[in-house]
Amino acid sequence: MKNILQWTLFGALWCSMSAWAVPQQSHVEIRTLITAFVHEQTLNLPGQVTITVNEIDRRVSLPACPALEAFLPPGGQLLGNSTVGVRCIANMKQWTLFVPVHIKVSANLLIANSPLQQGHVLRAEDIGTQKSELAQTGVLTDPLQAIGKVLKYSVGARQVLKQDMLRAPYAVKQGQTVQIQIEKQGFKIHADGQALSNAAEGQTVQVKTSSGQVVSGVVQPDGAVSIRP
């Protein structure tokens, strides 16, 4: 009985030591991978980017992995408070860990210098800048992104300008007579038609031909509508 007890205690101790001896994944390595991943993914963001990766709870114990991969969870964005996933893609050691991160972007945001009305075509003198933290995507930081664009609705003085506030100027307007260009087998056919809606360069517009047929084509820089059968 005494021998059985001794062997039981020895077995338990051996199992405990074996588990303890299994190499554990370095938290430092995980956080370094996340920092590199976020840095690479935010290279095209304007301004100064500061990345803070949260400490990983010391109680989190994962087997060491020879093949780690960082990824952004579905629906996530690398701006403000976010989460980055790290997974082990090695056979027999697969695991996934999610780590909170904070991405701070300080940039010169575009603002309206004065109140501007809907339909106004932005000029250089209409636009100023304001040093601030980028809190959402779609905020404009380069004047070239705004000059020549048309306001979809009125904005107030010092209001931050965003992409969804602007549209490209219409190259074709509803009811306008436009030239239809039909490309077929290496040659072009030209005809006149009437635009049925407003459209900017590169957008698709429907045009009514002189015969009453309605066709769709892409608006060209000169206002012509190109149709490829």
# chains A, B, ... in the order shown; residues from 1 in each chain; ligands from 1
$ residues_around --residues "Ala168 of chain A" --least-positions-apart "2" --cutoff "12 Å" --atoms "only C-alpha atoms" --output "VMD selection string"
chain A and resid 119 to 122 145 to 152 163 to 166 170 to 172 198 to 203 221
$ residues_around --residues "Lys131 of chain A" --least-positions-apart "2" --cutoff "9 Å" --atoms "only C-alpha atoms" --output "ChimeraX atom specification"
/A:106-109,129,133
$ closest_residue --among "A:Ser210, A:Ser197, A:Gln159, A:Gln25" --to "Gln179 of chain A" --atoms "only C-alpha atoms"
A:Ser210
$ select_by_dssp --residues "segment 67-172 of chain A" --states "strand (DSSP E)" --output "JSON, numbers by chain"
{"A": [68, 69, 70, 71, 80, 81, 82, 83, 84, 85, 86, 87, 88, 95, 96, 97, 98, 99, 100, 101, 102, 103, 104, 105, 106, 107, 108, 109, 110, 111, 112, 127, 128, 129, 130, 131, 132, 133, 150, 151, 166, 167, 170, 171, 172]}
$ residues_around --residues "Glu40 of chain A" --least-positions-apart "6" --cutoff "12 Å" --atoms "only C-alpha atoms" --output "list in words"
Leu33, Ile34, Val49, Ile51, Ala70, Phe71 and Leu78 of chain A
$ closest_residue --among "A:Gln185, A:Asn54, A:Gln117, A:Thr141" --to "Val105 of chain A" --atoms "only C-alpha atoms"
A:Thr141
$ select_by_dssp --residues "segment 27-225 of chain A" --states "alpha helix (DSSP H)" --output "JSON list (two decimals) with all heavy atoms, in the first residue's frame"
[["chain", "number", "residue", "atom", "x", "y", "z"],
["A", 27, "HIS", "N", 4.99, 36.37, -24.12],
["A", 27, "HIS", "CA", 4.05, 37.48, -24.27],
["A", 27, "HIS", "C", 4.73, 38.65, -24.99],
["A", 27, "HIS", "O", 4.08, 39.38, -25.75],
["A", 27, "HIS", "CB", 3.53, 37.92, -22.90],
["A", 27, "HIS", "CG", 2.59, 36.95, -22.28],
["A", 27, "HIS", "ND1", 1.93, 37.19, -21.10],
["A", 27, "HIS", "CD2", 2.18, 35.71, -22.68],
["A", 27, "HIS", "CE1", 1.16, 36.15, -20.80],
["A", 27, "HIS", "NE2", 1.31, 35.25, -21.73],
["A", 28, "VAL", "N", 6.01, 38.81, -24.74],
["A", 28, "VAL", "CA", 6.76, 39.89, -25.39],
["A", 28, "VAL", "C", 6.76, 39.69, -26.91],
["A", 28, "VAL", "O", 6.58, 40.64, -27.68],
["A", 28, "VAL", "CB", 8.21, 39.95, -24.87],
["A", 28, "VAL", "CG1", 9.04, 40.95, -25.68],
["A", 28, "VAL", "CG2", 8.23, 40.32, -23.40],
["A", 29, "GLU", "N", 6.94, 38.45, -27.34],
["A", 29, "GLU", "CA", 6.95, 38.15, -28.77],
["A", 29, "GLU", "C", 5.59, 38.45, -29.40],
["A", 29, "GLU", "O", 5.50, 38.98, -30.51],
["A", 29, "GLU", "CB", 7.33, 36.69, -29.00],
["A", 29, "GLU", "CG", 7.46, 36.32, -30.48],
["A", 29, "GLU", "CD", 7.85, 34.86, -30.69],
["A", 29, "GLU", "OE1", 8.07, 34.16, -29.68],
["A", 29, "GLU", "OE2", 7.92, 34.45, -31.86],
["A", 30, "ILE", "N", 4.52, 38.11, -28.68],
["A", 30, "ILE", "CA", 3.17, 38.37, -29.19],
["A", 30, "ILE", "C", 2.95, 39.87, -29.36],
["A", 30, "ILE", "O", 2.47, 40.34, -30.40],
["A", 30, "ILE", "CB", 2.10, 37.79, -28.24],
["A", 30, "ILE", "CG1", 2.15, 36.25, -28.25],
["A", 30, "ILE", "CG2", 0.70, 38.27, -28.63],
["A", 30, "ILE", "CD1", 1.22, 35.60, -27.25],
["A", 31, "ARG", "N", 3.33, 40.65, -28.34],
["A", 31, "ARG", "CA", 3.13, 42.10, -28.38],
["A", 31, "ARG", "C", 4.01, 42.75, -29.45],
["A", 31, "ARG", "O", 3.61, 43.71, -30.11],
["A", 31, "ARG", "CB", 3.37, 42.72, -27.01],
["A", 31, "ARG", "CG", 2.39, 42.23, -25.96],
["A", 31, "ARG", "CD", 2.67, 42.79, -24.57],
["A", 31, "ARG", "NE", 2.36, 44.21, -24.51],
["A", 31, "ARG", "CZ", 3.25, 45.16, -24.24],
["A", 31, "ARG", "NH1", 4.52, 44.83, -24.04],
["A", 31, "ARG", "NH2", 2.89, 46.42, -24.18],
["A", 32, "THR", "N", 5.21, 42.22, -29.65],
["A", 32, "THR", "CA", 6.09, 42.74, -30.70],
["A", 32, "THR", "C", 5.49, 42.48, -32.07],
["A", 32, "THR", "O", 5.54, 43.35, -32.96],
["A", 32, "THR", "CB", 7.48, 42.07, -30.60],
["A", 32, "THR", "OG1", 8.05, 42.37, -29.32],
["A", 32, "THR", "CG2", 8.40, 42.58, -31.70],
["A", 33, "LEU", "N", 4.92, 41.30, -32.26],
["A", 33, "LEU", "CA", 4.28, 40.96, -33.53],
["A", 33, "LEU", "C", 3.11, 41.89, -33.80],
["A", 33, "LEU", "O", 2.92, 42.38, -34.92],
["A", 33, "LEU", "CB", 3.81, 39.51, -33.51],
["A", 33, "LEU", "CG", 3.01, 39.04, -34.74],
["A", 33, "LEU", "CD1", 3.90, 39.02, -35.98],
["A", 33, "LEU", "CD2", 2.42, 37.66, -34.50],
["A", 34, "ILE", "N", 2.30, 42.16, -32.78],
["A", 34, "ILE", "CA", 1.14, 43.04, -32.94],
["A", 34, "ILE", "C", 1.59, 44.45, -33.30],
["A", 34, "ILE", "O", 1.02, 45.08, -34.20],
["A", 34, "ILE", "CB", 0.31, 43.06, -31.64],
["A", 34, "ILE", "CG1", -0.37, 41.70, -31.43],
["A", 34, "ILE", "CG2", -0.75, 44.17, -31.69],
["A", 34, "ILE", "CD1", -1.09, 41.58, -30.10],
["A", 35, "THR", "N", 2.62, 44.95, -32.63],
["A", 35, "THR", "CA", 3.13, 46.29, -32.93],
["A", 35, "THR", "C", 3.59, 46.40, -34.38],
["A", 35, "THR", "O", 3.27, 47.37, -35.07],
["A", 35, "THR", "CB", 4.30, 46.64, -31.99],
["A", 35, "THR", "OG1", 3.85, 46.59, -30.63],
["A", 35, "THR", "CG2", 4.83, 48.03, -32.28],
["A", 36, "ALA", "N", 4.32, 45.39, -34.85],
["A", 36, "ALA", "CA", 4.80, 45.39, -36.24],
["A", 36, "ALA", "C", 3.63, 45.33, -37.22],
["A", 36, "ALA", "O", 3.62, 46.02, -38.25],
["A", 36, "ALA", "CB", 5.75, 44.22, -36.45],
["A", 37, "PHE", "N", 2.62, 44.52, -36.90],
["A", 37, "PHE", "CA", 1.45, 44.37, -37.77],
["A", 37, "PHE", "C", 0.70, 45.70, -37.88],
["A", 37, "PHE", "O", 0.36, 46.14, -38.98],
["A", 37, "PHE", "CB", 0.53, 43.28, -37.20],
["A", 37, "PHE", "CG", -0.82, 43.19, -37.87],
["A", 37, "PHE", "CD1", -0.95, 42.58, -39.11],
["A", 37, "PHE", "CD2", -1.95, 43.72, -37.26],
["A", 37, "PHE", "CE1", -2.19, 42.49, -39.72],
["A", 37, "PHE", "CE2", -3.18, 43.64, -37.87],
["A", 37, "PHE", "CZ", -3.31, 43.02, -39.11],
["A", 38, "VAL", "N", 0.43, 46.34, -36.74],
["A", 38, "VAL", "CA", -0.32, 47.60, -36.75],
["A", 38, "VAL", "C", 0.49, 48.69, -37.47],
["A", 38, "VAL", "O", -0.07, 49.48, -38.24],
["A", 38, "VAL", "CB", -0.66, 48.04, -35.31],
["A", 38, "VAL", "CG1", -1.32, 49.42, -35.32],
["A", 38, "VAL", "CG2", -1.58, 47.03, -34.64],
["A", 39, "HIS", "N", 1.79, 48.71, -37.23],
["A", 39, "HIS", "CA", 2.64, 49.71, -37.90],
["A", 39, "HIS", "C", 2.55, 49.56, -39.41],
["A", 39, "HIS", "O", 2.40, 50.56, -40.13],
["A", 39, "HIS", "CB", 4.09, 49.54, -37.44],
["A", 39, "HIS", "CG", 5.05, 50.47, -38.13],
["A", 39, "HIS", "ND1", 5.10, 51.82, -37.87],
["A", 39, "HIS", "CD2", 5.98, 50.23, -39.10],
["A", 39, "HIS", "CE1", 6.02, 52.38, -38.65],
["A", 39, "HIS", "NE2", 6.56, 51.44, -39.39],
["A", 40, "GLU", "N", 2.62, 48.33, -39.90],
["A", 40, "GLU", "CA", 2.56, 48.09, -41.34],
["A", 40, "GLU", "C", 1.19, 48.48, -41.91],
["A", 40, "GLU", "O", 1.11, 49.06, -42.99],
["A", 40, "GLU", "CB", 2.84, 46.61, -41.63],
["A", 40, "GLU", "CG", 2.81, 46.27, -43.11],
["A", 40, "GLU", "CD", 3.09, 44.80, -43.38],
["A", 40, "GLU", "OE1", 3.37, 44.06, -42.42],
["A", 40, "GLU", "OE2", 3.04, 44.40, -44.55],
["A", 41, "GLN", "N", 0.13, 48.16, -41.17],
["A", 41, "GLN", "CA", -1.23, 48.43, -41.65],
["A", 41, "GLN", "C", -1.59, 49.91, -41.61],
["A", 41, "GLN", "O", -2.57, 50.32, -42.25],
["A", 41, "GLN", "CB", -2.24, 47.62, -40.83],
["A", 41, "GLN", "CG", -2.10, 46.12, -40.95],
["A", 41, "GLN", "CD", -2.36, 45.62, -42.37],
["A", 41, "GLN", "OE1", -3.33, 46.03, -43.00],
["A", 41, "GLN", "NE2", -1.51, 44.74, -42.86]]
